[in-house]
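Novice: The structure follows.
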Amino acid sequence: MFAKAIKPASGPKAIGPYSPAIKLGDFVYLSGQIPVDPVTNELVNGDIAQQTHQVMQNIITILDEMNLRLDHVVKTTVFLSDMKNFAAMNEVYAQYFEEPYPARSCVQVGALPKGADVEIECLVIDTLRYEQSCSGSCSDCRGCE
C-alpha cells in the first residue's frame, strides 16, 4: 500500500479503527480532531474557545510529526454541535491561520464523539521537498520569503 498512517506518540489516541492522518504522496488527510487532551485522552472541559484551542493543538501535533505547519493546510471542514458557537470558534480559528487562509466548510451536526462541541478535519499538501529545493528567485512561493 502506498498510504502511510501517521500516529504521533504525543497526540491523542484514536477512539476507533482509524488513523489520525494518512499520507499518500504529497497529500495528507487528517481525521477530524476533537478537543481531547492527549495526556488524559479525555475531552477537555471548557467552552467552545477552549475546545477549539485544543483541537488546533491536536492538529499541530499531527502536522509536527511530519515536519509540516499550518500553512500546509489547504482545506478544513469544521463541525459544530451548535452554529451559535460559530463566532467564538471562528475567533480562535483565526489566531492559528494566516493568509492565504485554507478553504473551509462549516456545518452544524446532531452530535460529535465524546460530546464535543467542535471537530475539525484537514486536507494538507506536503510541499516540503519543493520548498527545500527553492532557489529563492520565484515570486509566488512562500518558501522564498
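Chain lettering (A, B, ...) mirrors the order of the C-alpha cells, residue numbering begins at 1 for each chain separately, and ligand numbering begins at 1 in order of display.
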Please extract the residues of chain A with a backbone DSSP assignment of strand (DSSP E) and present them as a ChimeraX atom specification.
Specialist: /A:4-6,21-24,27-33,73-80,103-108,118-125
Novice: Next, write the just-selected residues to a file, as a compact mmCIF listing (two decimals), in the first residue's frame, keeping N, CA and C atoms as the atom set.
Specialist:
```
# COMPACT_ATOMS: atom_id res chain seq x y z
N LYS A 4 0.50 5.89 4.07
CA LYS A 4 1.21 5.70 5.33
C LYS A 4 0.38 6.32 6.45
N ALA A 5 0.13 5.55 7.49
CA ALA A 5 -0.60 6.05 8.65
C ALA A 5 0.33 6.93 9.48
N ILE A 6 -0.19 8.06 9.94
CA ILE A 6 0.55 8.97 10.81
C ILE A 6 -0.11 8.90 12.18
N ALA A 21 -4.03 10.46 10.80
CA ALA A 21 -3.78 11.03 9.48
C ALA A 21 -3.28 9.93 8.56
N ILE A 22 -3.50 10.14 7.26
CA ILE A 22 -2.99 9.24 6.23
C ILE A 22 -2.26 10.10 5.21
N LYS A 23 -1.02 9.70 4.89
CA LYS A 23 -0.22 10.40 3.89
C LYS A 23 -0.14 9.54 2.65
N LEU A 24 -0.46 10.13 1.52
CA LEU A 24 -0.38 9.46 0.24
C LEU A 24 0.28 10.42 -0.74
N PHE A 27 -0.15 14.35 -0.50
CA PHE A 27 -1.43 14.63 0.14
C PHE A 27 -1.47 14.01 1.54
N VAL A 28 -1.99 14.77 2.49
CA VAL A 28 -2.18 14.28 3.85
C VAL A 28 -3.63 14.58 4.23
N TYR A 29 -4.31 13.55 4.70
CA TYR A 29 -5.71 13.68 5.12
C TYR A 29 -5.75 13.50 6.63
N LEU A 30 -6.08 14.57 7.36
CA LEU A 30 -6.21 14.49 8.81
C LEU A 30 -7.64 14.13 9.17
N SER A 31 -7.79 13.10 9.97
CA SER A 31 -9.10 12.76 10.51
C SER A 31 -9.60 13.91 11.35
N GLY A 32 -10.90 13.98 11.53
CA GLY A 32 -11.46 15.02 12.37
C GLY A 32 -10.87 14.95 13.77
N GLN A 33 -10.43 16.09 14.26
CA GLN A 33 -9.86 16.19 15.59
C GLN A 33 -10.87 16.83 16.52
N VAL A 73 -1.91 23.44 5.35
CA VAL A 73 -3.33 23.08 5.33
C VAL A 73 -4.01 23.86 4.20
N VAL A 74 -4.68 23.15 3.29
CA VAL A 74 -5.34 23.82 2.17
C VAL A 74 -6.86 23.81 2.28
N LYS A 75 -7.41 22.94 3.12
CA LYS A 75 -8.87 22.85 3.27
C LYS A 75 -9.20 22.31 4.65
N THR A 76 -10.17 22.91 5.30
CA THR A 76 -10.67 22.37 6.56
C THR A 76 -12.18 22.21 6.48
N THR A 77 -12.67 21.30 7.28
CA THR A 77 -14.10 21.19 7.50
C THR A 77 -14.31 21.27 9.01
N VAL A 78 -15.13 22.21 9.42
CA VAL A 78 -15.43 22.41 10.84
C VAL A 78 -16.84 21.90 11.09
N PHE A 79 -16.94 21.04 12.08
CA PHE A 79 -18.23 20.51 12.51
C PHE A 79 -18.54 21.10 13.88
N LEU A 80 -19.70 21.73 14.01
CA LEU A 80 -20.12 22.32 15.28
C LEU A 80 -21.38 21.64 15.76
N ALA A 103 -9.19 26.93 2.38
CA ALA A 103 -10.62 26.86 2.06
C ALA A 103 -11.30 26.19 3.26
N ARG A 104 -12.58 26.48 3.47
CA ARG A 104 -13.24 25.93 4.66
C ARG A 104 -14.72 25.74 4.44
N SER A 105 -15.23 24.68 5.03
CA SER A 105 -16.67 24.47 5.16
C SER A 105 -16.96 24.39 6.65
N CYS A 106 -18.14 24.80 7.05
CA CYS A 106 -18.54 24.70 8.45
C CYS A 106 -20.00 24.29 8.49
N VAL A 107 -20.28 23.23 9.22
CA VAL A 107 -21.64 22.72 9.31
C VAL A 107 -22.01 22.40 10.75
N GLN A 108 -23.29 22.47 11.03
CA GLN A 108 -23.80 22.03 12.32
C GLN A 108 -24.21 20.58 12.17
N VAL A 118 -16.95 20.80 18.99
CA VAL A 118 -16.29 21.14 17.73
C VAL A 118 -15.39 19.99 17.29
N GLU A 119 -15.32 19.80 15.99
CA GLU A 119 -14.41 18.83 15.37
C GLU A 119 -13.92 19.48 14.08
N ILE A 120 -12.61 19.34 13.80
CA ILE A 120 -12.05 19.92 12.58
C ILE A 120 -11.22 18.86 11.87
N GLU A 121 -11.49 18.68 10.57
CA GLU A 121 -10.67 17.80 9.75
C GLU A 121 -9.94 18.67 8.72
N CYS A 122 -8.81 18.15 8.20
CA CYS A 122 -7.98 18.95 7.31
C CYS A 122 -7.48 18.15 6.12
N LEU A 123 -7.34 18.83 5.01
CA LEU A 123 -6.61 18.33 3.86
C LEU A 123 -5.33 19.16 3.81
N VAL A 124 -4.20 18.45 3.73
CA VAL A 124 -2.89 19.08 3.82
C VAL A 124 -2.08 18.68 2.59
N ILE A 125 -1.28 19.59 2.08
CA ILE A 125 -0.37 19.28 0.99
C ILE A 125 1.05 19.43 1.52
```
Novice: Each residue of region 92-123 of chain A lying at most 10 Å from region 36-43 of chain A should get a row with its shortest atom-to-atom pair and the distance in Å to one decimal, counting only C-alpha atoms; could you produce that, ordered by chain and increasing number, as a tab-separated table?
Specialist:
```
residue	atom	partner	partner_atom	distance
A:Pro113	CA	A:Leu43	CA	9.5
A:Lys114	CA	A:Leu43	CA	6.8
A:Gly115	CA	A:Leu43	CA	8.1
A:Ala116	CA	A:Leu43	CA	7.1
```
Novice: Could the residues in this selection be saved with all heavy atoms as a PDB file, in the first residue's frame?
Specialist:
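As a result, result.pdb now contains:
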```
ATOM      1  N   PRO A 113     -18.388  12.977  18.586  1.00  0.00           N
ATOM      2  CA  PRO A 113     -17.852  11.983  19.517  1.00  0.00           C
ATOM      3  C   PRO A 113     -17.515  12.592  20.879  1.00  0.00           C
ATOM      4  O   PRO A 113     -17.061  13.739  20.966  1.00  0.00           O
ATOM      5  CB  PRO A 113     -16.575  11.503  18.810  1.00  0.00           C
ATOM      6  CG  PRO A 113     -16.827  11.741  17.360  1.00  0.00           C
ATOM      7  CD  PRO A 113     -17.655  13.006  17.317  1.00  0.00           C
ATOM      8  N   LYS A 114     -17.748  11.809  21.914  1.00  0.00           N
ATOM      9  CA  LYS A 114     -17.469  12.169  23.306  1.00  0.00           C
ATOM     10  C   LYS A 114     -18.219  13.418  23.768  1.00  0.00           C
ATOM     11  O   LYS A 114     -17.876  14.016  24.761  1.00  0.00           O
ATOM     12  CB  LYS A 114     -15.968  12.339  23.541  1.00  0.00           C
ATOM     13  CG  LYS A 114     -15.179  11.055  23.423  1.00  0.00           C
ATOM     14  CD  LYS A 114     -13.779  11.219  23.994  1.00  0.00           C
ATOM     15  CE  LYS A 114     -13.086   9.869  24.034  1.00  0.00           C
ATOM     16  NZ  LYS A 114     -12.088   9.775  25.068  1.00  0.00           N
ATOM     17  N   GLY A 115     -19.217  13.846  23.012  1.00  0.00           N
ATOM     18  CA  GLY A 115     -19.983  15.034  23.392  1.00  0.00           C
ATOM     19  C   GLY A 115     -19.265  16.342  23.100  1.00  0.00           C
ATOM     20  O   GLY A 115     -19.620  17.383  23.659  1.00  0.00           O
ATOM     21  N   ALA A 116     -18.277  16.316  22.209  1.00  0.00           N
ATOM     22  CA  ALA A 116     -17.531  17.525  21.858  1.00  0.00           C
ATOM     23  C   ALA A 116     -18.451  18.540  21.202  1.00  0.00           C
ATOM     24  O   ALA A 116     -19.488  18.192  20.635  1.00  0.00           O
ATOM     25  CB  ALA A 116     -16.378  17.177  20.923  1.00  0.00           C
TER      26      ALA A 116
END
```
Novice: A:Pro20, A:Glu131, A:Gly110, A:Asp117: which is nearest Val44 (chain A), counting only C-alpha atoms?
Specialist: A:Asp117
Novice: Could you give me, as a list in words, the residues within 7 Å of region 85-98 of chain A, counting only C-alpha atoms and dropping anything in the same chain fewer than 3 positions from it?
Specialist: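 Residues meeting the cut-off are Ile48, Ala49, Thr52, His53, Leu70, Asp82 and Tyr101 of chain A.
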Novice: Got time to write the residues from that selection, N, CA and C atoms, as an mmCIF file, in the first residue's frame?
Specialist:
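again_11.cif, freshly written:
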```cif
data_model
loop_
_atom_site.group_PDB
_atom_site.id
_atom_site.type_symbol
_atom_site.label_atom_id
_atom_site.label_comp_id
_atom_site.auth_asym_id
_atom_site.auth_seq_id
_atom_site.Cartn_x
_atom_site.Cartn_y
_atom_site.Cartn_z
ATOM 1 N N ILE A 48 -16.444 26.708 23.985
ATOM 2 C CA ILE A 48 -16.079 26.449 22.599
ATOM 3 C C ILE A 48 -14.688 27.006 22.277
ATOM 4 N N ALA A 49 -14.311 28.120 22.880
ATOM 5 C CA ALA A 49 -12.979 28.685 22.634
ATOM 6 C C ALA A 49 -11.897 27.730 23.140
ATOM 7 N N THR A 52 -11.794 24.680 20.903
ATOM 8 C CA THR A 52 -11.183 24.952 19.602
ATOM 9 C C THR A 52 -9.673 25.063 19.727
ATOM 10 N N HIS A 53 -9.182 25.701 20.783
ATOM 11 C CA HIS A 53 -7.730 25.750 21.013
ATOM 12 C C HIS A 53 -7.156 24.336 21.099
ATOM 13 N N LEU A 70 0.887 24.717 9.798
ATOM 14 C CA LEU A 70 -0.493 25.062 9.466
ATOM 15 C C LEU A 70 -0.608 25.690 8.080
ATOM 16 N N ASP A 82 -23.440 23.233 17.593
ATOM 17 C CA ASP A 82 -24.422 24.312 17.600
ATOM 18 C C ASP A 82 -23.838 25.500 16.840
ATOM 19 N N TYR A 101 -5.666 31.975 3.657
ATOM 20 C CA TYR A 101 -6.374 31.053 4.539
ATOM 21 C C TYR A 101 -6.754 29.790 3.777
#
```
Novice: Quick one: of A:Ile59, A:Ile34, A:Gln54, A:Glu65, who's nearest to Pro8 (chain A), counting only C-alpha atoms?
Specialist: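 Closest to Pro8 (chain A) of all the choices is A:Glu65.
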Novice: Of the residues A:Asn67, A:Thr61, A:Ser19, A:Gln51, which is the one nearest to Thr127 (chain A), using only C-alpha atoms?
Specialist: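 Of A:Asn67, A:Thr61, A:Ser19, A:Gln51, the one nearest Thr127 (chain A), counting only C-alpha atoms, is A:Asn67.
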Novice: Mind listing the alpha helix (DSSP H) residues of region 2-144 of chain A, per DSSP on the backbone, as a PyMOL selection string?
Specialist: chain A and resi 48-65+86-96+128-132
Novice: Between A:Asp126, A:Val109, A:Ala14, A:Ala3, which has the minimum distance to Ser81 (chain A) (counting only C-alpha atoms)?
Specialist: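 That would be A:Val109, the residue with the smallest distance to Ser81 (chain A).
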Novice: Kindly give the distance, in Å, that separates CA of Lys13 (chain A) and CA of Ala111 (chain A), rounded to a single decimal.
Specialist: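 Computing the Euclidean distance for CA of Lys13 (chain A) and CA of Ala111 (chain A) yields 20.0 Å.
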Novice: Rounded to one decimal place, report the CA of Pro100 (chain A)-CA of Ser10 (chain A) distance in Å.
Specialist: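 Rounded to one decimal, the two atoms are 28.6 Å apart.
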Novice: What is the distance between CA of Asp26 (chain A) and CA of Leu63 (chain A), in Å to one decimal?
Specialist: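 Between CA of Asp26 (chain A) and CA of Leu63 (chain A) the gap is 13.1 Å.
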Novice: Pick the closest to Pro102 (chain A) from A:Lys84, A:His72, A:Lys7, A:Arg129: which is it, counting only C-alpha atoms?
Specialist: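 Using only C-alpha atoms, Pro102 (chain A) sits closest to A:His72.
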